[in-house]
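With compact mmCIF, C-alpha atoms inside, this is input.txt:
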# COMPACT_ATOMS: atom_id res chain seq x y z
CA MET A 250 161.93 183.78 149.13
CA ASP A 251 161.85 184.03 145.35
CA ASN A 252 164.13 181.43 143.80
CA ARG A 253 164.79 183.40 140.62
CA THR A 254 165.89 186.42 142.62
CA GLU A 255 168.14 184.24 144.79
CA VAL A 256 169.77 182.70 141.71
CA ARG A 257 170.18 186.03 139.91
CA GLU A 258 171.75 187.83 142.84
CA PHE A 259 173.97 184.91 143.80
CA LEU A 260 175.42 184.40 140.32
CA SER A 261 175.86 188.09 139.60
CA SER A 262 177.60 188.63 142.96
CA ARG A 263 180.00 185.73 142.31
CA ARG A 264 180.76 187.03 138.81
CA ALA A 265 181.37 190.56 140.10
CA ARG A 266 184.11 189.48 142.49
CA ILE A 267 186.32 187.82 139.85
CA THR A 268 188.64 190.08 137.90
CA PRO A 269 189.73 189.04 134.39
CA GLU A 270 193.29 188.79 135.69
CA ARG A 271 192.21 186.35 138.41
CA ALA A 272 190.39 184.31 135.76
CA GLY A 273 193.48 184.26 133.56
CA LEU A 274 191.93 186.35 130.79
CA THR A 275 193.72 188.91 128.68
CA VAL A 276 192.12 192.35 128.92
CA TYR A 277 192.22 194.77 126.00
CA GLY A 278 191.46 198.42 126.69
CA GLY A 279 190.75 200.00 130.05
CA ASN A 280 187.08 200.99 129.71
CA ARG A 281 185.24 198.33 131.73
CA ARG A 282 181.86 199.20 133.20
CA VAL A 283 181.61 196.18 135.50
CA PRO A 284 183.87 195.45 138.51
CA GLY A 285 184.36 191.81 137.65
CA LEU A 286 183.77 189.56 134.68
CA ARG A 287 181.42 190.45 131.87
CA ARG A 288 178.67 187.97 131.14
CA GLU A 289 180.35 186.88 127.92
CA GLU A 290 183.57 186.19 129.84
CA ALA A 291 181.74 184.15 132.47
CA ALA A 292 179.99 182.23 129.68
CA MET A 293 183.31 181.48 128.00
CA LEU A 294 184.84 180.23 131.25
CA ALA A 295 181.83 177.98 131.86
CA GLY A 296 181.84 176.70 128.28
CA VAL A 297 178.29 177.79 127.46
CA SER A 298 176.82 180.32 125.07
CA VAL A 299 176.29 183.90 126.18
CA ASP A 300 172.54 183.55 125.65
CA TYR A 301 172.41 180.43 127.82
CA TYR A 302 174.53 181.98 130.55
CA THR A 303 172.34 185.10 130.50
CA ARG A 304 169.29 182.87 130.97
CA LEU A 305 170.92 181.23 133.97
CA GLU A 306 171.96 184.51 135.56
CA ARG A 307 168.46 185.87 135.12
CA GLY A 308 167.43 183.17 137.56
CA ASN A 309 166.20 180.38 135.28
CA LEU A 310 167.86 177.14 136.40
CA SER A 311 164.94 175.00 135.26
CA GLY A 312 166.19 171.86 133.56
CA VAL A 313 169.87 172.72 133.94
CA SER A 314 172.13 169.65 133.97
CA GLU A 315 174.68 168.76 136.65
CA GLY A 316 177.41 169.08 134.04
CA VAL A 317 176.48 172.69 133.35
CA LEU A 318 176.29 173.44 137.08
CA GLU A 319 179.76 171.95 137.56
CA ALA A 320 181.11 174.01 134.66
CA LEU A 321 179.49 177.11 136.10
CA ALA A 322 181.03 176.42 139.51
CA ARG A 323 184.48 176.03 137.97
CA GLY A 324 184.14 179.10 135.78
CA LEU A 325 183.03 181.31 138.70
CA GLN A 326 185.65 179.72 140.99
CA LEU A 327 183.08 178.72 143.60
CA ASP A 328 184.31 177.12 146.79
CA ASP A 329 182.69 173.93 148.11
CA ALA A 330 180.02 175.76 150.10
CA GLU A 331 179.13 177.99 147.14
CA ARG A 332 179.00 175.00 144.79
CA ASP A 333 176.62 173.19 147.15
CA HIS A 334 174.51 176.35 147.35
CA LEU A 335 174.29 176.56 143.56
CA PHE A 336 173.12 172.93 143.40
CA ASP A 337 170.57 173.62 146.16
CA LEU A 338 169.21 176.58 144.19
CA ALA A 339 168.92 174.41 141.08
CA LYS A 340 167.15 171.70 143.05
CA ALA A 341 164.65 174.25 144.34
CA ALA A 342 164.09 175.61 140.82
CA ASN A 343 163.21 172.12 139.61
CA ALA A 344 161.06 171.12 142.59
CA THR A 345 157.51 170.00 141.95
CA SER A 346 154.65 172.21 143.04
CA ARG A 347 153.77 169.63 145.70
CA ALA A 348 157.30 169.80 147.13
CA ARG A 349 157.14 173.58 147.15
CA GLN A 350 153.88 173.54 149.06
CA ALA A 351 154.95 170.84 151.52
CA ARG A 352 154.64 171.90 155.10
CA ALA A 353 157.70 171.84 157.29
CA LEU A 354 157.62 169.08 159.88
CA LYS A 355 157.26 170.14 163.47
CA GLN A 356 160.70 169.81 164.97
CA ARG A 357 160.63 168.14 168.32
CA ILE A 358 163.52 166.71 170.25
CA ARG A 359 163.24 162.95 170.61
CA PRO A 360 163.91 161.67 174.17
CA SER A 361 166.94 159.72 172.97
CA VAL A 362 168.49 162.93 171.60
CA GLN A 363 168.03 164.65 174.96
CA PHE A 364 169.53 161.58 176.68
CA LEU A 365 172.53 161.90 174.35
CA LEU A 366 172.92 165.58 175.22
CA ASP A 367 172.73 164.86 178.93
CA ALA A 368 175.34 162.12 178.59
CA ILE A 369 177.83 164.70 177.31
CA THR A 370 179.05 166.11 180.62
CA GLY A 371 182.46 167.58 179.80
CA ALA A 372 181.52 169.94 176.97
CA PRO A 373 178.67 172.28 176.03
CA ALA A 374 176.30 170.67 173.53
CA PHE A 375 173.08 171.78 171.92
CA VAL A 376 170.70 171.01 169.06
CA ARG A 377 169.57 173.73 166.65
CA ASN A 378 167.37 173.87 163.59
CA SER A 379 167.93 175.62 160.26
CA ARG A 380 166.55 178.89 161.69
CA MET A 381 169.25 178.93 164.38
CA ASP A 382 166.73 178.16 167.14
CA ILE A 383 168.30 176.37 170.11
CA LEU A 384 165.85 173.51 170.68
CA ALA A 385 167.71 171.56 173.38
CA ALA A 386 170.99 171.64 175.30
CA ASN A 387 172.91 169.91 178.04
CA ARG A 388 173.85 171.57 181.32
CA LEU A 389 177.02 173.17 179.98
CA GLY A 390 175.21 174.18 176.79
CA PHE A 391 172.64 176.12 178.82
CA ALA A 392 175.43 177.62 180.92
CA LEU A 393 177.60 178.67 177.97
CA TYR A 394 174.68 180.30 176.15
CA SER A 395 173.04 181.73 179.27
CA PRO A 396 173.22 185.30 177.80
CA VAL A 397 171.19 184.08 174.80
CA PHE A 398 168.53 182.62 177.10
CA LEU A 399 168.06 185.91 178.95
CA ASP A 400 165.59 186.85 176.22
CA PRO A 401 162.30 185.26 177.39
CA VAL A 402 161.19 184.53 173.81
CA ARG A 403 161.35 180.82 173.03
CA PRO A 404 162.90 179.12 171.31
CA ALA A 405 166.10 181.06 171.94
CA ASN A 406 167.62 182.10 168.63
CA HIS A 407 171.28 182.70 167.75
CA SER A 408 170.52 185.19 164.98
CA ARG A 409 168.17 187.37 167.00
CA PHE A 410 170.72 187.42 169.81
CA ILE A 411 173.59 188.44 167.54
CA PHE A 412 171.76 191.21 165.70
CA LEU A 413 169.14 192.46 168.17
CA ASP A 414 170.69 192.02 171.64
CA PRO A 415 173.44 194.48 172.71
CA ARG A 416 174.89 191.78 174.99
CA ALA A 417 176.11 189.94 171.90
CA GLN A 418 178.84 192.54 171.38
CA ASP A 419 180.40 191.47 174.70
CA PHE A 420 179.66 187.76 174.36
CA TYR A 421 181.48 187.49 171.02
CA PRO A 422 184.93 189.18 171.19
CA ASP A 423 185.00 189.13 167.36
CA TRP A 424 181.42 190.15 166.78
CA ASP A 425 181.92 190.83 163.05
CA LEU A 426 183.13 187.26 162.51
CA ALA A 427 180.18 185.84 164.46
CA ALA A 428 177.75 188.03 162.50
CA ASN A 429 179.26 187.13 159.13
CA ASN A 430 179.22 183.41 159.91
CA ASN A 431 175.66 183.53 161.17
CA VAL A 432 174.31 185.23 158.06
CA ALA A 433 176.29 182.91 155.80
CA LEU A 434 174.71 179.93 157.55
CA LEU A 435 171.22 181.41 157.19
CA ARG A 436 171.87 182.09 153.49
CA THR A 437 173.08 178.49 153.07
CA GLU A 438 169.93 177.20 154.77
CA SER A 439 167.71 179.43 152.62
CA GLY A 440 169.11 177.74 149.52
CA ARG A 441 168.62 174.31 151.05
CA ASN A 442 165.12 175.06 152.41
CA PRO A 443 163.70 177.84 150.21
CA TYR A 444 160.08 177.17 151.21
CA ASP A 445 160.65 177.27 154.98
CA LYS A 446 158.24 179.99 156.06
CA GLY A 447 159.77 180.24 159.52
CA LEU A 448 163.19 180.91 158.00
CA ALA A 449 161.74 183.48 155.62
CA ASP A 450 159.94 185.19 158.50
CA LEU A 451 163.17 185.34 160.52
CA VAL A 452 165.11 186.85 157.60
CA GLY A 453 162.32 189.37 157.09
CA GLU A 454 162.29 190.36 160.76
CA LEU A 455 166.06 190.78 160.94
CA SER A 456 166.13 192.70 157.66
CA MET A 457 163.57 195.13 159.05
CA ARG A 458 165.26 195.59 162.41
CA SER A 459 169.01 195.44 161.70
CA GLU A 460 171.07 197.34 159.14
CA GLU A 461 174.04 195.13 160.04
CA PHE A 462 172.00 192.10 159.00
CA ARG A 463 170.70 193.68 155.78
CA VAL A 464 174.20 194.51 154.54
CA ARG A 465 175.46 191.00 155.20
CA TRP A 466 172.38 189.32 153.74
CA ALA A 467 172.79 191.27 150.51
CA ALA A 468 176.33 189.90 150.08
CA HIS A 469 174.98 186.39 149.34
CA ASN A 470 177.89 184.71 151.13
CA VAL A 471 177.51 181.07 152.16
CA ARG A 472 179.74 178.70 154.08
CA ARG A 473 180.15 175.27 155.59
CA HIS A 474 180.35 175.25 159.36
CA TYR A 475 181.04 171.73 160.58
CA SER A 476 184.21 172.15 162.64
CA GLY A 477 186.59 174.80 163.90
CA SER A 478 187.04 176.94 166.99
CA LYS A 479 185.15 179.79 168.62
CA THR A 480 186.01 182.35 171.27
CA PHE A 481 183.48 183.63 173.79
CA ARG A 482 183.58 186.22 176.55
CA HIS A 483 181.27 184.71 179.13
CA PRO A 484 179.93 187.06 181.85
CA VAL A 485 180.82 184.54 184.59
CA VAL A 486 184.10 182.87 183.55
CA GLY A 487 185.50 185.44 181.10
CA GLY A 488 187.31 184.53 177.90
CA ILE A 489 187.03 180.94 176.74
CA GLU A 490 188.18 179.33 173.49
CA LEU A 491 186.49 176.10 172.43
CA MET A 492 186.65 173.77 169.47
CA PHE A 493 183.41 172.70 167.84
CA GLU A 494 182.06 169.79 165.84
CA ALA A 495 178.63 170.04 164.19
CA MET A 496 176.77 166.92 163.06
CA GLN A 497 173.44 166.68 161.27
CA LEU A 498 171.00 164.26 162.88
CA SER A 499 170.07 161.82 160.12
CA GLU A 500 166.82 160.78 161.83
CA ASP A 501 165.80 164.41 162.32
CA PRO A 502 166.12 166.33 159.03
CA GLY A 503 167.07 169.94 159.57
CA LEU A 504 168.46 169.44 163.08
CA THR A 505 172.15 169.82 163.92
CA LEU A 506 173.99 168.67 167.04
CA THR A 507 176.96 170.85 167.98
CA VAL A 508 179.50 170.01 170.69
CA TYR A 509 182.13 172.43 172.07
CA PRO A 510 185.07 170.56 173.64
CA ALA A 511 187.99 172.39 175.19
CA GLU A 512 191.58 171.41 174.52
CA PRO A 513 192.65 169.03 177.32
CA GLY A 514 194.82 170.72 179.91
CA SER A 515 194.01 174.21 178.64
CA ALA A 516 192.78 177.21 180.59
CA SER A 517 189.49 176.86 178.73
CA GLU A 518 189.02 173.35 180.12
CA GLU A 519 189.33 174.80 183.63
CA SER A 520 186.87 177.54 182.64
CA LEU A 521 184.36 174.85 181.63
CA ARG A 522 184.69 173.25 185.05
CA LEU A 523 184.06 176.63 186.69
CA LEU A 524 181.09 177.16 184.38
CA ALA A 525 179.62 173.79 185.34
CA SER A 526 180.06 174.59 189.04
CA TRP A 527 178.34 177.96 188.61
CA ALA A 528 175.46 176.40 186.69
CA GLU A 529 174.92 173.84 189.42
CA THR A 530 175.05 176.45 192.17
CA GLU A 531 172.57 178.69 190.39
CA ARG A 532 170.35 175.73 189.41
CA LEU A 533 170.53 177.31 185.96
CA GLU A 534 169.63 174.20 184.01
CA GLU A 535 166.29 173.72 185.78
CA GLN A 536 165.35 177.35 185.30
CA LEU A 537 166.19 177.40 181.61
CA ARG A 538 164.61 174.03 180.84
CA ALA A 539 161.38 175.31 182.38
CA THR A 540 161.30 178.41 180.19
CA ALA A 541 162.48 176.50 177.08
CA ALA A 542 159.07 174.84 176.90
CA GLY A 543 157.39 178.20 176.29
CA SER A 544 155.61 179.20 173.11
CA PRO A 545 157.66 180.25 170.05
CA ARG A 546 157.60 183.85 168.98
Take the structure from the file and write it as C-alpha cells.
Amino acid sequence: MDNRTEVREFLSSRRARITPERAGLTVYGGNRRVPGLRREEAAMLAGVSVDYYTRLERGNLSGVSEGVLEALARGLQLDDAERDHLFDLAKAANATSRARQARALKQRIRPSVQFLLDAITGAPAFVRNSRMDILAANRLGFALYSPVFLDPVRPANHSRFIFLDPRAQDFYPDWDLAANNNVALLRTESGRNPYDKGLADLVGELSMRSEEFRVRWAAHNVRRHYSGSKTFRHPVVGGIELMFEAMQLSEDPGLTLTVYPAEPGSASEESLRLLASWAETERLEEQLRATAAGSPR
C-alpha cells in the first residue's frame, strides 16, 4: 500500500466532509466547486500556510511534527480513531527503510493464550490478527462463529466471510453495520501496519471480488472497536445479542483477544447455554480445532 496515496486520500476525504458552516467560517458567494472545505480554509483552520498544507495533502508527511499533526486533527475535526490513524500514517512516512522491509513475525498462539481461552467457559472468546484471521477460540467461540468456519480455508477470516459468503447476510441481522465496521478496522490496521503483505493481499483480493468492499474501502473510514455490543442470527439458536470487550495481547503484537459476554439473566445468556450444549453434542470443537491447523490460503 502506497503511503503517499493513503495520506492524500485520507486527508482529502476528511476535508471534503466538512462544510464551511460546520467549521464556523463565513462564506461569501455561492460558487463553490468543492463539497467541503477548500485547501486554503483547511490550512487556516490548522494554522499552517496553504503551501505547507498542500504538501501534506499531497501525501508528504515526512518530518511533520506532532504539533502540526495535532493542529491538523483539530482543524479537520478528526475523532480519536481518525487522529490515531493520522499519526500512524505519519509514523509510516518517517519509518526507516529497514523498518519498511522488516518481515512480519509469524503469528502463533502461545499455549498459555489457548489455556486462557479454554478457561473462559461462559462466553465466546477468540484471538484474531490484524487481517481478521481467527487464530484460536474457545468452545463457545467456535460454536458462535461456526458459519464462518464452514469455509474450509484456514485460517478462517471475518472479512472474507462478510464480503464473499452469502451466509453472512443471515448471520449478521445488520449486515451493512458489520460490513462498515469490518472495513473501518482493516483501514485502521493498514495505517498501523502499512507494510503487512498479508493485509495488502487480503485488501487486494476483496477489492477484486466485492463491489461492496471496494465502495467502503474508498471511503477511508477508520474506527476504534474495543467494546460495545453485537447482534447475531445464529443458525442453531436464532437471534442473540452479546456485549464485547477487545484487548490487545501485549506479549503478542498484532493479536487481539475478544470476549462476548451476555447480560446476566437475559435471553441471550440462555441462548449461550443452548449453544454450548449443541456444540458439545455435535463435538463441534474437536472438528473445528482439527481443521484450524490447516494451511493458510
Problem set entry | Shell around stretch 432-434 of chain A at 10 Å using all atoms listed in the file, local window under 3 positions removed, as a VMD selection string | chain A and resid 330 379 to 381 408 427 to 429 437 to 439 452 462 to 474
Suppose we keep C-alpha atoms; can you now write the selection as a PDB file, in the coordinates of the input?
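Saved as result_28.pdb:
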ATOM      1  CA  ALA A 330     180.020 175.760 150.100  1.00  0.00           C
ATOM      2  CA  SER A 379     167.930 175.620 160.260  1.00  0.00           C
ATOM      3  CA  ARG A 380     166.550 178.890 161.690  1.00  0.00           C
ATOM      4  CA  MET A 381     169.250 178.930 164.380  1.00  0.00           C
ATOM      5  CA  SER A 408     170.520 185.190 164.980  1.00  0.00           C
ATOM      6  CA  ALA A 427     180.180 185.840 164.460  1.00  0.00           C
ATOM      7  CA  ALA A 428     177.750 188.030 162.500  1.00  0.00           C
ATOM      8  CA  ASN A 429     179.260 187.130 159.130  1.00  0.00           C
ATOM      9  CA  THR A 437     173.080 178.490 153.070  1.00  0.00           C
ATOM     10  CA  GLU A 438     169.930 177.200 154.770  1.00  0.00           C
ATOM     11  CA  SER A 439     167.710 179.430 152.620  1.00  0.00           C
ATOM     12  CA  VAL A 452     165.110 186.850 157.600  1.00  0.00           C
ATOM     13  CA  PHE A 462     172.000 192.100 159.000  1.00  0.00           C
ATOM     14  CA  ARG A 463     170.700 193.680 155.780  1.00  0.00           C
ATOM     15  CA  VAL A 464     174.200 194.510 154.540  1.00  0.00           C
ATOM     16  CA  ARG A 465     175.460 191.000 155.200  1.00  0.00           C
ATOM     17  CA  TRP A 466     172.380 189.320 153.740  1.00  0.00           C
ATOM     18  CA  ALA A 467     172.790 191.270 150.510  1.00  0.00           C
ATOM     19  CA  ALA A 468     176.330 189.900 150.080  1.00  0.00           C
ATOM     20  CA  HIS A 469     174.980 186.390 149.340  1.00  0.00           C
ATOM     21  CA  ASN A 470     177.890 184.710 151.130  1.00  0.00           C
ATOM     22  CA  VAL A 471     177.510 181.070 152.160  1.00  0.00           C
ATOM     23  CA  ARG A 472     179.740 178.700 154.080  1.00  0.00           C
ATOM     24  CA  ARG A 473     180.150 175.270 155.590  1.00  0.00           C
ATOM     25  CA  HIS A 474     180.350 175.250 159.360  1.00  0.00           C
TER      26      HIS A 474
END
For this session: Kindly indicate which residue among A:Ile411, A:Ala344, A:Val486, A:Leu524 lies nearest to A:Ser459, using only C-alpha atoms for the distances.
Result: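 Ranking A:Ile411, A:Ala344, A:Val486, A:Leu524 by distance to A:Ser459, first place goes to A:Ile411.
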Exercise. Between A:Gly390, A:Gly273, A:Gly296, A:Gly308, which has the minimum distance to A:Val256 (counting all atoms listed in the file)?
Worked result: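 Looking only at the distances to A:Val256, the closest residue turns out to be A:Gly308.
Distances here use only C-alpha atoms; by that measure, the residue among A:Asp300, A:Gly477, A:Glu454, A:Arg482 closest to A:Ala417 is A:Arg482.
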For this session: Find the distance between atom CA of A:Pro513 and atom CA of A:Phe481 and write it in Å to one decimal.
Result: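 Spanning atom CA of A:Pro513 to atom CA of A:Phe481 is a straight-line distance of 17.6 Å.
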Do you have, as JSON lines, the list of residues of stretch 408-481 of chain A lying at most 10 Å from stretch 505-511 of chain A, each with its nearest atom pair and that distance in Å to one decimal, counting all atoms listed in the file and ordered by chain then number?
{"residue": "A:Tyr475", "atom": "CA", "partner": "A:Thr507", "partner_atom": "CA", "distance": 8.5}
{"residue": "A:Ser476", "atom": "CA", "partner": "A:Thr507", "partner_atom": "CA", "distance": 9.1}
{"residue": "A:Gly477", "atom": "CA", "partner": "A:Tyr509", "partner_atom": "CA", "distance": 9.6}
{"residue": "A:Ser478", "atom": "CA", "partner": "A:Tyr509", "partner_atom": "CA", "distance": 8.4}
{"residue": "A:Lys479", "atom": "CA", "partner": "A:Tyr509", "partner_atom": "CA", "distance": 8.7}
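Residues in contact with A:Gly312 at 9 Å, where all atoms listed in the file are counted and same-chain residues fewer than 2 positions away are skipped, are listed as Asn309, Leu310, Ser314, Ala339, Ala342 and Asn343 of chain A.
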Could you write those residues out with C-alpha atoms, as an mmCIF file, keeping the file's coordinate frame?
data_model
loop_
_atom_site.group_PDB
_atom_site.id
_atom_site.type_symbol
_atom_site.label_atom_id
_atom_site.label_comp_id
_atom_site.auth_asym_id
_atom_site.auth_seq_id
_atom_site.Cartn_x
_atom_site.Cartn_y
_atom_site.Cartn_z
ATOM 1 C CA ASN A 309 166.200 180.380 135.280
ATOM 2 C CA LEU A 310 167.860 177.140 136.400
ATOM 3 C CA SER A 314 172.130 169.650 133.970
ATOM 4 C CA ALA A 339 168.920 174.410 141.080
ATOM 5 C CA ALA A 342 164.090 175.610 140.820
ATOM 6 C CA ASN A 343 163.210 172.120 139.610
#
For this session: Please measure the separation of atom CA of A:Ala265 and atom CA of A:Arg287, giving the value in Å to one decimal.
Result: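 Taking atom CA of A:Ala265 and atom CA of A:Arg287, their separation equals 8.2 Å.
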Exercise. So which residues touch A:Glu529 within 10 Å, counting only C-alpha atoms, skipping near sequence neighbours fewer than 6 positions away, as number ranges by chain?
Worked result: A: 388-389, 392, 523, 535
Give me the residues within 12 Å of A:Gln326 as a PDB file with C-alpha atoms, keeping the file's coordinate frame, counting only C-alpha atoms and dropping any in the same chain fewer than 4 places off.
ATOM      1  CA  LEU A 260     175.420 184.400 140.320  1.00  0.00           C
ATOM      2  CA  ARG A 263     180.000 185.730 142.310  1.00  0.00           C
ATOM      3  CA  ARG A 264     180.760 187.030 138.810  1.00  0.00           C
ATOM      4  CA  ALA A 265     181.370 190.560 140.100  1.00  0.00           C
ATOM      5  CA  ARG A 266     184.110 189.480 142.490  1.00  0.00           C
ATOM      6  CA  ILE A 267     186.320 187.820 139.850  1.00  0.00           C
ATOM      7  CA  THR A 268     188.640 190.080 137.900  1.00  0.00           C
ATOM      8  CA  ARG A 271     192.210 186.350 138.410  1.00  0.00           C
ATOM      9  CA  ALA A 272     190.390 184.310 135.760  1.00  0.00           C
ATOM     10  CA  GLY A 273     193.480 184.260 133.560  1.00  0.00           C
ATOM     11  CA  LEU A 286     183.770 189.560 134.680  1.00  0.00           C
ATOM     12  CA  ALA A 291     181.740 184.150 132.470  1.00  0.00           C
ATOM     13  CA  LEU A 294     184.840 180.230 131.250  1.00  0.00           C
ATOM     14  CA  ALA A 295     181.830 177.980 131.860  1.00  0.00           C
ATOM     15  CA  LEU A 318     176.290 173.440 137.080  1.00  0.00           C
ATOM     16  CA  GLU A 319     179.760 171.950 137.560  1.00  0.00           C
ATOM     17  CA  ALA A 320     181.110 174.010 134.660  1.00  0.00           C
ATOM     18  CA  LEU A 321     179.490 177.110 136.100  1.00  0.00           C
ATOM     19  CA  ALA A 322     181.030 176.420 139.510  1.00  0.00           C
ATOM     20  CA  ALA A 330     180.020 175.760 150.100  1.00  0.00           C
ATOM     21  CA  GLU A 331     179.130 177.990 147.140  1.00  0.00           C
ATOM     22  CA  ARG A 332     179.000 175.000 144.790  1.00  0.00           C
TER      23      ARG A 332
END
Put the listed atoms of stretch 292-310 of chain A in a box along x, y and z with 5 Å added on every side and give me the centre and edge lengths in Å to one decimal, as JSON.
{"center_x": 175.5, "center_y": 181.3, "center_z": 131.3, "size_x": 28.6, "size_y": 19.2, "size_z": 22.5}
Who sits within 12 Å of A:Leu498, only C-alpha atoms, same chain under 6 positions skipped, as a PDB file with C-alpha atoms, keeping the file's coordinate frame:
ATOM      1  CA  GLN A 356     160.700 169.810 164.970  1.00  0.00           C
ATOM      2  CA  ILE A 358     163.520 166.710 170.250  1.00  0.00           C
ATOM      3  CA  ARG A 359     163.240 162.950 170.610  1.00  0.00           C
ATOM      4  CA  SER A 361     166.940 159.720 172.970  1.00  0.00           C
ATOM      5  CA  VAL A 362     168.490 162.930 171.600  1.00  0.00           C
ATOM      6  CA  LEU A 365     172.530 161.900 174.350  1.00  0.00           C
ATOM      7  CA  PHE A 375     173.080 171.780 171.920  1.00  0.00           C
ATOM      8  CA  VAL A 376     170.700 171.010 169.060  1.00  0.00           C
ATOM      9  CA  ARG A 377     169.570 173.730 166.650  1.00  0.00           C
ATOM     10  CA  ASN A 378     167.370 173.870 163.590  1.00  0.00           C
ATOM     11  CA  LEU A 504     168.460 169.440 163.080  1.00  0.00           C
ATOM     12  CA  THR A 505     172.150 169.820 163.920  1.00  0.00           C
ATOM     13  CA  LEU A 506     173.990 168.670 167.040  1.00  0.00           C
ATOM     14  CA  THR A 507     176.960 170.850 167.980  1.00  0.00           C
TER      15      THR A 507
END
Problem set entry | Given all atoms listed in the file as the counted atoms, nearest of A:Asn430, A:Arg357, A:Pro443, A:Leu305 to A:Asp501 |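 Checking each candidate against A:Asp501, we get A:Arg357 as the closest.
Going from atom CA of A:Glu255 over to atom CA of A:Asn406, you cover 23.9 Å.
Candidate residues A:Gly503, A:Pro404, A:Gly453, A:Pro269 were compared for distance to A:Arg441, and the nearest is A:Gly503, using all atoms listed in the file.
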Produce stretch 471-484 of chain A of the given structure as output with N, CA and C atoms, as a CSV table (one decimal), in the first residue's frame.
chain,number,residue,atom,x,y,z
A,471,VAL,N,-12.2,5.0,9.5
A,471,VAL,CA,-11.5,4.2,10.5
A,471,VAL,C,-12.3,4.3,11.8
A,472,ARG,N,-12.0,3.4,12.7
A,472,ARG,CA,-12.7,3.4,13.9
A,472,ARG,C,-12.0,2.6,15.0
A,473,ARG,N,-12.3,2.9,16.3
A,473,ARG,CA,-11.8,2.1,17.4
A,473,ARG,C,-12.9,1.1,17.6
A,474,HIS,N,-12.5,-0.1,18.1
A,474,HIS,CA,-13.5,-1.2,18.2
A,474,HIS,C,-13.1,-2.0,19.5
A,475,TYR,N,-13.1,-1.4,20.6
A,475,TYR,CA,-12.7,-2.1,21.8
A,475,TYR,C,-13.8,-2.6,22.7
A,476,SER,N,-15.0,-2.0,22.6
A,476,SER,CA,-16.1,-2.5,23.4
A,476,SER,C,-17.4,-2.1,22.8
A,477,GLY,N,-18.5,-2.8,23.1
A,477,GLY,CA,-19.8,-2.4,22.6
A,477,GLY,C,-20.7,-3.6,22.6
A,478,SER,N,-21.6,-3.7,21.7
A,478,SER,CA,-22.5,-4.9,21.6
A,478,SER,C,-22.7,-5.3,20.1
A,479,LYS,N,-23.0,-6.5,19.9
A,479,LYS,CA,-23.2,-7.1,18.6
A,479,LYS,C,-24.4,-8.0,18.6
A,480,THR,N,-25.1,-8.0,17.5
A,480,THR,CA,-26.3,-8.9,17.4
A,480,THR,C,-26.0,-9.9,16.2
A,481,PHE,N,-26.3,-11.2,16.5
A,481,PHE,CA,-26.1,-12.3,15.6
A,481,PHE,C,-27.4,-13.0,15.3
A,482,ARG,N,-27.5,-13.6,14.2
A,482,ARG,CA,-28.6,-14.6,14.0
A,482,ARG,C,-28.0,-15.9,13.7
A,483,HIS,N,-27.9,-16.7,14.8
A,483,HIS,CA,-27.2,-18.0,14.6
A,483,HIS,C,-28.1,-19.0,14.1
A,484,PRO,N,-27.6,-19.9,13.2
A,484,PRO,CA,-28.5,-20.9,12.5
A,484,PRO,C,-29.1,-21.9,13.5
